[in-house]
file query.pdb (PDB, C-alpha atoms)
MODEL        1
ATOM      1  CA  MET A   1     292.296 -19.460 -38.197  1.00  0.00           C
ATOM      2  CA  ASN A   2     290.071 -20.786 -40.980  1.00  0.00           C
ATOM      3  CA  THR A   3     286.697 -18.996 -41.149  1.00  0.00           C
ATOM      4  CA  THR A   4     284.919 -21.099 -43.751  1.00  0.00           C
ATOM      5  CA  THR A   5     281.185 -20.574 -43.926  1.00  0.00           C
ATOM      6  CA  ILE A   6     279.160 -23.728 -44.143  1.00  0.00           C
ATOM      7  CA  TYR A   7     275.940 -23.358 -46.087  1.00  0.00           C
ATOM      8  CA  LYS A   8     272.859 -25.009 -44.688  1.00  0.00           C
ATOM      9  CA  GLN A   9     270.002 -26.270 -46.803  1.00  0.00           C
ATOM     10  CA  TYR A  10     267.103 -23.818 -47.056  1.00  0.00           C
ATOM     11  CA  GLU A  11     263.799 -25.623 -46.649  1.00  0.00           C
ATOM     12  CA  ILE A  12     261.039 -24.550 -49.034  1.00  0.00           C
ATOM     13  CA  ALA A  13     257.426 -24.267 -47.902  1.00  0.00           C
ATOM     14  CA  TYR A  14     255.243 -24.106 -50.998  1.00  0.00           C
ATOM     15  CA  ASN A  15     252.311 -21.736 -51.060  1.00  0.00           C
ATOM     16  CA  SER A  16     248.798 -23.075 -51.649  1.00  0.00           C
ATOM     17  CA  ILE A  17     248.396 -20.374 -54.322  1.00  0.00           C
ATOM     18  CA  GLN A  18     250.739 -20.603 -57.285  1.00  0.00           C
ATOM     19  CA  LEU A  19     251.621 -17.990 -59.916  1.00  0.00           C
ATOM     20  CA  GLN A  20     251.554 -19.283 -63.485  1.00  0.00           C
ATOM     21  CA  ASN A  21     251.659 -18.039 -67.076  1.00  0.00           C
ATOM     22  CA  VAL A  22     253.346 -14.690 -66.453  1.00  0.00           C
ATOM     23  CA  GLN A  23     253.702 -12.550 -69.545  1.00  0.00           C
ATOM     24  CA  LEU A  24     254.817  -9.094 -70.554  1.00  0.00           C
ATOM     25  CA  ASP A  25     251.754  -7.302 -71.947  1.00  0.00           C
ATOM     26  CA  SER A  26     253.221  -3.898 -72.764  1.00  0.00           C
ATOM     27  CA  LEU A  27     256.490  -1.991 -72.727  1.00  0.00           C
ATOM     28  CA  ASN A  28     257.100   1.685 -73.492  1.00  0.00           C
ATOM     29  CA  CYS A  29     260.643   3.047 -73.332  1.00  0.00           C
ATOM     30  CA  ILE A  30     261.966   6.567 -73.497  1.00  0.00           C
ATOM     31  CA  ASN A  31     265.751   6.858 -73.759  1.00  0.00           C
ATOM     32  CA  ARG A  32     266.838  10.443 -73.156  1.00  0.00           C
ATOM     33  CA  GLY A  33     270.518   9.477 -72.812  1.00  0.00           C
ATOM     34  CA  ILE A  34     272.862   9.380 -69.849  1.00  0.00           C
ATOM     35  CA  ASP A  35     273.763  13.050 -70.327  1.00  0.00           C
ATOM     36  CA  GLN A  36     270.270  13.778 -68.938  1.00  0.00           C
ATOM     37  CA  PHE A  37     271.225  12.264 -65.570  1.00  0.00           C
ATOM     38  CA  ASP A  38     271.289  14.658 -62.642  1.00  0.00           C
ATOM     39  CA  GLU A  39     272.588  13.328 -59.296  1.00  0.00           C
ATOM     40  CA  THR A  40     269.726  15.107 -57.487  1.00  0.00           C
ATOM     41  CA  SER A  41     266.987  13.411 -59.538  1.00  0.00           C
ATOM     42  CA  GLU A  42     265.136  10.604 -57.820  1.00  0.00           C
ATOM     43  CA  LEU A  43     263.975   7.480 -59.544  1.00  0.00           C
ATOM     44  CA  ASP A  44     260.177   7.498 -59.935  1.00  0.00           C
ATOM     45  CA  LEU A  45     258.554   4.199 -59.073  1.00  0.00           C
ATOM     46  CA  GLU A  46     254.793   3.648 -59.356  1.00  0.00           C
ATOM     47  CA  PHE A  47     252.687   0.502 -59.361  1.00  0.00           C
ATOM     48  CA  TYR A  48     249.092  -0.022 -60.421  1.00  0.00           C
ATOM     49  CA  ARG A  49     247.511  -3.407 -59.731  1.00  0.00           C
ATOM     50  CA  LYS A  50     244.406  -5.224 -60.850  1.00  0.00           C
ATOM     51  CA  VAL A  51     242.815  -8.567 -59.972  1.00  0.00           C
ATOM     52  CA  ASP A  52     240.126 -10.273 -62.055  1.00  0.00           C
ATOM     53  CA  LEU A  53     238.651 -13.267 -60.269  1.00  0.00           C
ATOM     54  CA  GLU A  54     237.755 -15.871 -62.905  1.00  0.00           C
ATOM     55  CA  ASN A  55     236.317 -18.366 -60.413  1.00  0.00           C
ATOM     56  CA  GLU A  56     236.925 -19.573 -56.844  1.00  0.00           C
ATOM     57  CA  THR A  57     240.321 -21.031 -57.707  1.00  0.00           C
ATOM     58  CA  LYS A  58     241.717 -18.871 -60.525  1.00  0.00           C
ATOM     59  CA  ALA A  59     242.444 -15.158 -60.829  1.00  0.00           C
ATOM     60  CA  LYS A  60     244.212 -13.029 -63.406  1.00  0.00           C
ATOM     61  CA  ILE A  61     246.533 -10.514 -61.783  1.00  0.00           C
ATOM     62  CA  SER A  62     248.005  -7.505 -63.579  1.00  0.00           C
ATOM     63  CA  LEU A  63     250.670  -4.991 -62.674  1.00  0.00           C
ATOM     64  CA  LYS A  64     251.520  -1.767 -64.479  1.00  0.00           C
ATOM     65  CA  ALA A  65     254.897  -0.389 -63.410  1.00  0.00           C
ATOM     66  CA  VAL A  66     256.371   3.026 -64.131  1.00  0.00           C
ATOM     67  CA  VAL A  67     260.107   3.176 -63.490  1.00  0.00           C
ATOM     68  CA  GLY A  68     262.442   6.013 -64.357  1.00  0.00           C
ATOM     69  CA  PHE A  69     262.465   9.775 -64.441  1.00  0.00           C
ATOM     70  CA  LYS A  70     259.214  11.451 -65.463  1.00  0.00           C
ATOM     71  CA  GLU A  71     260.495  14.986 -65.893  1.00  0.00           C
ATOM     72  CA  LYS A  72     264.227  15.009 -66.502  1.00  0.00           C
ATOM     73  CA  GLY A  73     266.449  11.984 -66.487  1.00  0.00           C
ATOM     74  CA  PRO A  74     267.970   9.339 -68.719  1.00  0.00           C
ATOM     75  CA  PHE A  75     264.944   7.062 -69.124  1.00  0.00           C
ATOM     76  CA  LEU A  76     261.322   6.305 -68.423  1.00  0.00           C
ATOM     77  CA  LEU A  77     259.936   2.778 -68.669  1.00  0.00           C
ATOM     78  CA  GLU A  78     256.293   1.776 -68.455  1.00  0.00           C
ATOM     79  CA  MET A  79     255.494  -1.896 -68.517  1.00  0.00           C
ATOM     80  CA  GLY A  80     252.564  -4.184 -67.879  1.00  0.00           C
ATOM     81  CA  TYR A  81     252.750  -7.765 -66.674  1.00  0.00           C
ATOM     82  CA  SER A  82     250.001 -10.277 -66.062  1.00  0.00           C
ATOM     83  CA  GLY A  83     249.796 -13.769 -64.685  1.00  0.00           C
ATOM     84  CA  GLU A  84     247.395 -16.298 -63.252  1.00  0.00           C
ATOM     85  CA  CYS A  85     247.059 -17.219 -59.608  1.00  0.00           C
ATOM     86  CA  THR A  86     245.765 -20.729 -59.105  1.00  0.00           C
ATOM     87  CA  LEU A  87     244.478 -22.011 -55.771  1.00  0.00           C
ATOM     88  CA  LEU A  88     245.656 -25.560 -55.103  1.00  0.00           C
ATOM     89  CA  ASP A  89     244.151 -25.991 -51.612  1.00  0.00           C
ATOM     90  CA  ASN A  90     240.359 -25.653 -51.500  1.00  0.00           C
ATOM     91  CA  ASP A  91     240.500 -24.860 -47.762  1.00  0.00           C
ATOM     92  CA  GLU A  92     241.884 -21.405 -48.661  1.00  0.00           C
ATOM     93  CA  LYS A  93     238.932 -20.299 -50.876  1.00  0.00           C
ATOM     94  CA  VAL A  94     237.760 -17.714 -48.345  1.00  0.00           C
ATOM     95  CA  ASN A  95     241.068 -15.801 -48.482  1.00  0.00           C
ATOM     96  CA  PHE A  96     241.872 -16.278 -52.182  1.00  0.00           C
ATOM     97  CA  LYS A  97     240.757 -12.870 -53.566  1.00  0.00           C
ATOM     98  CA  ASP A  98     242.272 -11.010 -50.618  1.00  0.00           C
ATOM     99  CA  TYR A  99     245.560 -12.866 -51.083  1.00  0.00           C
ATOM    100  CA  CYS A 100     245.662 -12.035 -54.792  1.00  0.00           C
ATOM    101  CA  ASP A 101     244.959  -8.333 -54.113  1.00  0.00           C
ATOM    102  CA  LYS A 102     247.797  -8.139 -51.611  1.00  0.00           C
ATOM    103  CA  GLN A 103     250.304 -10.166 -53.608  1.00  0.00           C
ATOM    104  CA  VAL A 104     250.151  -8.617 -57.101  1.00  0.00           C
ATOM    105  CA  VAL A 105     253.221  -6.436 -56.537  1.00  0.00           C
ATOM    106  CA  PRO A 106     255.336  -8.982 -54.610  1.00  0.00           C
ATOM    107  CA  LEU A 107     254.577 -11.694 -57.187  1.00  0.00           C
ATOM    108  CA  LEU A 108     255.178  -9.666 -60.359  1.00  0.00           C
ATOM    109  CA  LEU A 109     257.892  -7.262 -59.156  1.00  0.00           C
ATOM    110  CA  PRO A 110     260.759  -9.697 -59.906  1.00  0.00           C
ATOM    111  CA  TYR A 111     259.698  -9.660 -63.578  1.00  0.00           C
ATOM    112  CA  VAL A 112     259.686  -5.843 -63.578  1.00  0.00           C
ATOM    113  CA  ARG A 113     263.105  -5.728 -61.914  1.00  0.00           C
ATOM    114  CA  GLU A 114     264.632  -8.090 -64.491  1.00  0.00           C
ATOM    115  CA  ASN A 115     263.026  -6.214 -67.390  1.00  0.00           C
ATOM    116  CA  VAL A 116     264.342  -2.837 -66.160  1.00  0.00           C
ATOM    117  CA  SER A 117     267.868  -4.218 -65.885  1.00  0.00           C
ATOM    118  CA  ASN A 118     267.847  -5.882 -69.322  1.00  0.00           C
ATOM    119  CA  THR A 119     266.149  -2.972 -71.092  1.00  0.00           C
ATOM    120  CA  LEU A 120     268.586  -0.402 -69.690  1.00  0.00           C
ATOM    121  CA  LEU A 121     271.507  -2.563 -70.798  1.00  0.00           C
ATOM    122  CA  ARG A 122     270.072  -2.809 -74.315  1.00  0.00           C
ATOM    123  CA  MET A 123     269.512   0.974 -74.381  1.00  0.00           C
ATOM    124  CA  GLY A 124     273.186   1.530 -73.525  1.00  0.00           C
ATOM    125  CA  LEU A 125     272.395   3.023 -70.115  1.00  0.00           C
ATOM    126  CA  PRO A 126     273.884   2.114 -66.747  1.00  0.00           C
ATOM    127  CA  ASN A 127     271.791  -0.126 -64.535  1.00  0.00           C
ATOM    128  CA  PHE A 128     269.502   1.679 -62.115  1.00  0.00           C
ATOM    129  CA  THR A 129     268.389  -0.876 -59.545  1.00  0.00           C
ATOM    130  CA  VAL A 130     264.724  -0.960 -58.608  1.00  0.00           C
ATOM    131  CA  PRO A 131     264.788  -0.394 -54.835  1.00  0.00           C
ATOM    132  CA  THR A 132     264.010  -3.268 -52.492  1.00  0.00           C
ATOM    133  CA  ILE A 133     260.474  -2.977 -51.206  1.00  0.00           C
ATOM    134  CA  ASP A 134     259.284  -3.695 -47.676  1.00  0.00           C
ATOM    135  CA  VAL A 135     256.287  -5.872 -48.516  1.00  0.00           C
ATOM    136  CA  VAL A 136     254.760  -5.765 -45.015  1.00  0.00           C
ATOM    137  CA  ALA A 137     255.062  -1.971 -44.649  1.00  0.00           C
ATOM    138  CA  SER A 138     253.685  -1.502 -48.186  1.00  0.00           C
ATOM    139  CA  TYR A 139     250.738  -3.731 -47.358  1.00  0.00           C
ATOM    140  CA  ILE A 140     249.955  -1.694 -44.219  1.00  0.00           C
ATOM    141  CA  LYS A 141     250.252   1.587 -46.138  1.00  0.00           C
ATOM    142  CA  ASN A 142     247.908   0.361 -48.867  1.00  0.00           C
ATOM    143  CA  GLU A 143     245.393  -0.998 -46.355  1.00  0.00           C
ATOM    144  CA  GLU A 144     245.315   2.395 -44.627  1.00  0.00           C
ATOM    145  CA  SER A 145     244.728   4.259 -47.894  1.00  0.00           C
ATOM    146  CA  THR A 146     242.000   1.783 -48.893  1.00  0.00           C
ATOM    147  CA  ASN A 147     240.242   2.319 -45.558  1.00  0.00           C
ATOM    148  CA  LEU A 148     240.421   6.107 -46.009  1.00  0.00           C
ATOM    149  CA  ASP A 149     238.927   5.820 -49.504  1.00  0.00           C
ATOM    150  CA  GLU A 150     235.992   3.813 -48.139  1.00  0.00           C
ATOM    151  CA  ASP A 151     235.125   6.358 -45.393  1.00  0.00           C
TER     152      ASP A 151
ENDMDL
END
call {"tool": "encode", "arguments": {"input": "query.pdb", "output": "structure tokens"}}
result
Amino acid sequence: MNTTTIYKQYEIAYNSIQLQNVQLDSLNCINRGIDQFDETSELDLEFYRKVDLENETKAKISLKAVVGFKEKGPFLLEMGYSGECTLLDNDEKVNFKDYCDKQVVPLLLPYVRENVSNTLLRMGLPNFTVPTIDVVASYIKNEESTNLDED
């Protein structure tokens, strides 16, 4: 029996807010060497986000990512990325800032992931994959912490 999978076309729905002009702003690397790897050590992963609204249709978003092992481990990477979010549909102006706040990490994380992989390769270290993130659960968690901070 032939079990050939037939691929179906994936339809793209474009977002009314587009990310443009992404750039790497900073990169700090510490290479402690693979002999510093301990199977019990967990990869540290931290994100810090910022949104600067330039006007009703343009915002600069920034993400600082810390990936690696802070105490003991083969590496620690700190990097900063920025980009511009541009609103193409004026009907979405009311939600623009909120959207940008919520989407900094999902929009810029692919750049962090690629940079971690390439930098580790260039440092002669094995690839440590940045874990897949549940965007919806992360959003809920961050909303809850924001609400607690405001109380």
call {"tool": "resolve_selection", "arguments": {"input": "query.pdb", "expression": "the PyMOL selection byres ((chain A and resi 43-57) around 6)", "output": "JSON, numbers by chain"}}
result
{"A": [42, 58, 59, 60, 61, 62, 63, 64, 65, 66, 67, 68, 69, 86, 87]}
call {"tool": "closest_residue", "arguments": {"input": "query.pdb", "among": "A:Cys29, A:Met79, A:Asn90, A:Lys102", "to": "Ile140 (chain A)", "atoms": "only C-alpha atoms"}}
result
A:Lys102
call {"tool": "atom_distance", "arguments": {"input": "query.pdb", "atom1": "CA of Tyr111 (chain A)", "atom2": "CA of Asn28 (chain A)"}}
result
15.3 Å
call {"tool": "axis_aligned_box", "arguments": {"input": "query.pdb", "around": "region 126-136 of chain A", "padding_each_side": "5 Å", "output": "JSON"}}
result
{"center_x": 264.3, "center_y": -1.9, "center_z": -55.9, "size_x": 29.1, "size_y": 18.0, "size_z": 31.7}
call {"tool": "resolve_selection", "arguments": {"input": "query.pdb", "expression": "the PyMOL selection byres ((chain A and resi 125) around 9)", "output": "compact mmCIF listing (two decimals) with C-alpha atoms, keeping the file's coordinate frame"}}
result
# COMPACT_ATOMS: atom_id res chain seq x y z
CA ASN A 31 265.75 6.86 -73.76
CA GLY A 33 270.52 9.48 -72.81
CA ILE A 34 272.86 9.38 -69.85
CA PRO A 74 267.97 9.34 -68.72
CA PHE A 75 264.94 7.06 -69.12
CA THR A 119 266.15 -2.97 -71.09
CA LEU A 120 268.59 -0.40 -69.69
CA LEU A 121 271.51 -2.56 -70.80
CA ARG A 122 270.07 -2.81 -74.32
CA MET A 123 269.51 0.97 -74.38
CA GLY A 124 273.19 1.53 -73.53
CA PRO A 126 273.88 2.11 -66.75
CA ASN A 127 271.79 -0.13 -64.54
CA PHE A 128 269.50 1.68 -62.12
call {"tool": "closest_residue", "arguments": {"input": "query.pdb", "among": "A:Leu24, A:Ile30, A:Ile17, A:Ala137", "to": "Ser82 (chain A)", "atoms": "all atoms listed in the file"}}
result
A:Leu24
call {"tool": "closest_residue", "arguments": {"input": "query.pdb", "among": "A:Leu19, A:Asp38, A:Ala13, A:Leu109", "to": "Glu84 (chain A)", "atoms": "all atoms listed in the file"}}
result
A:Leu19
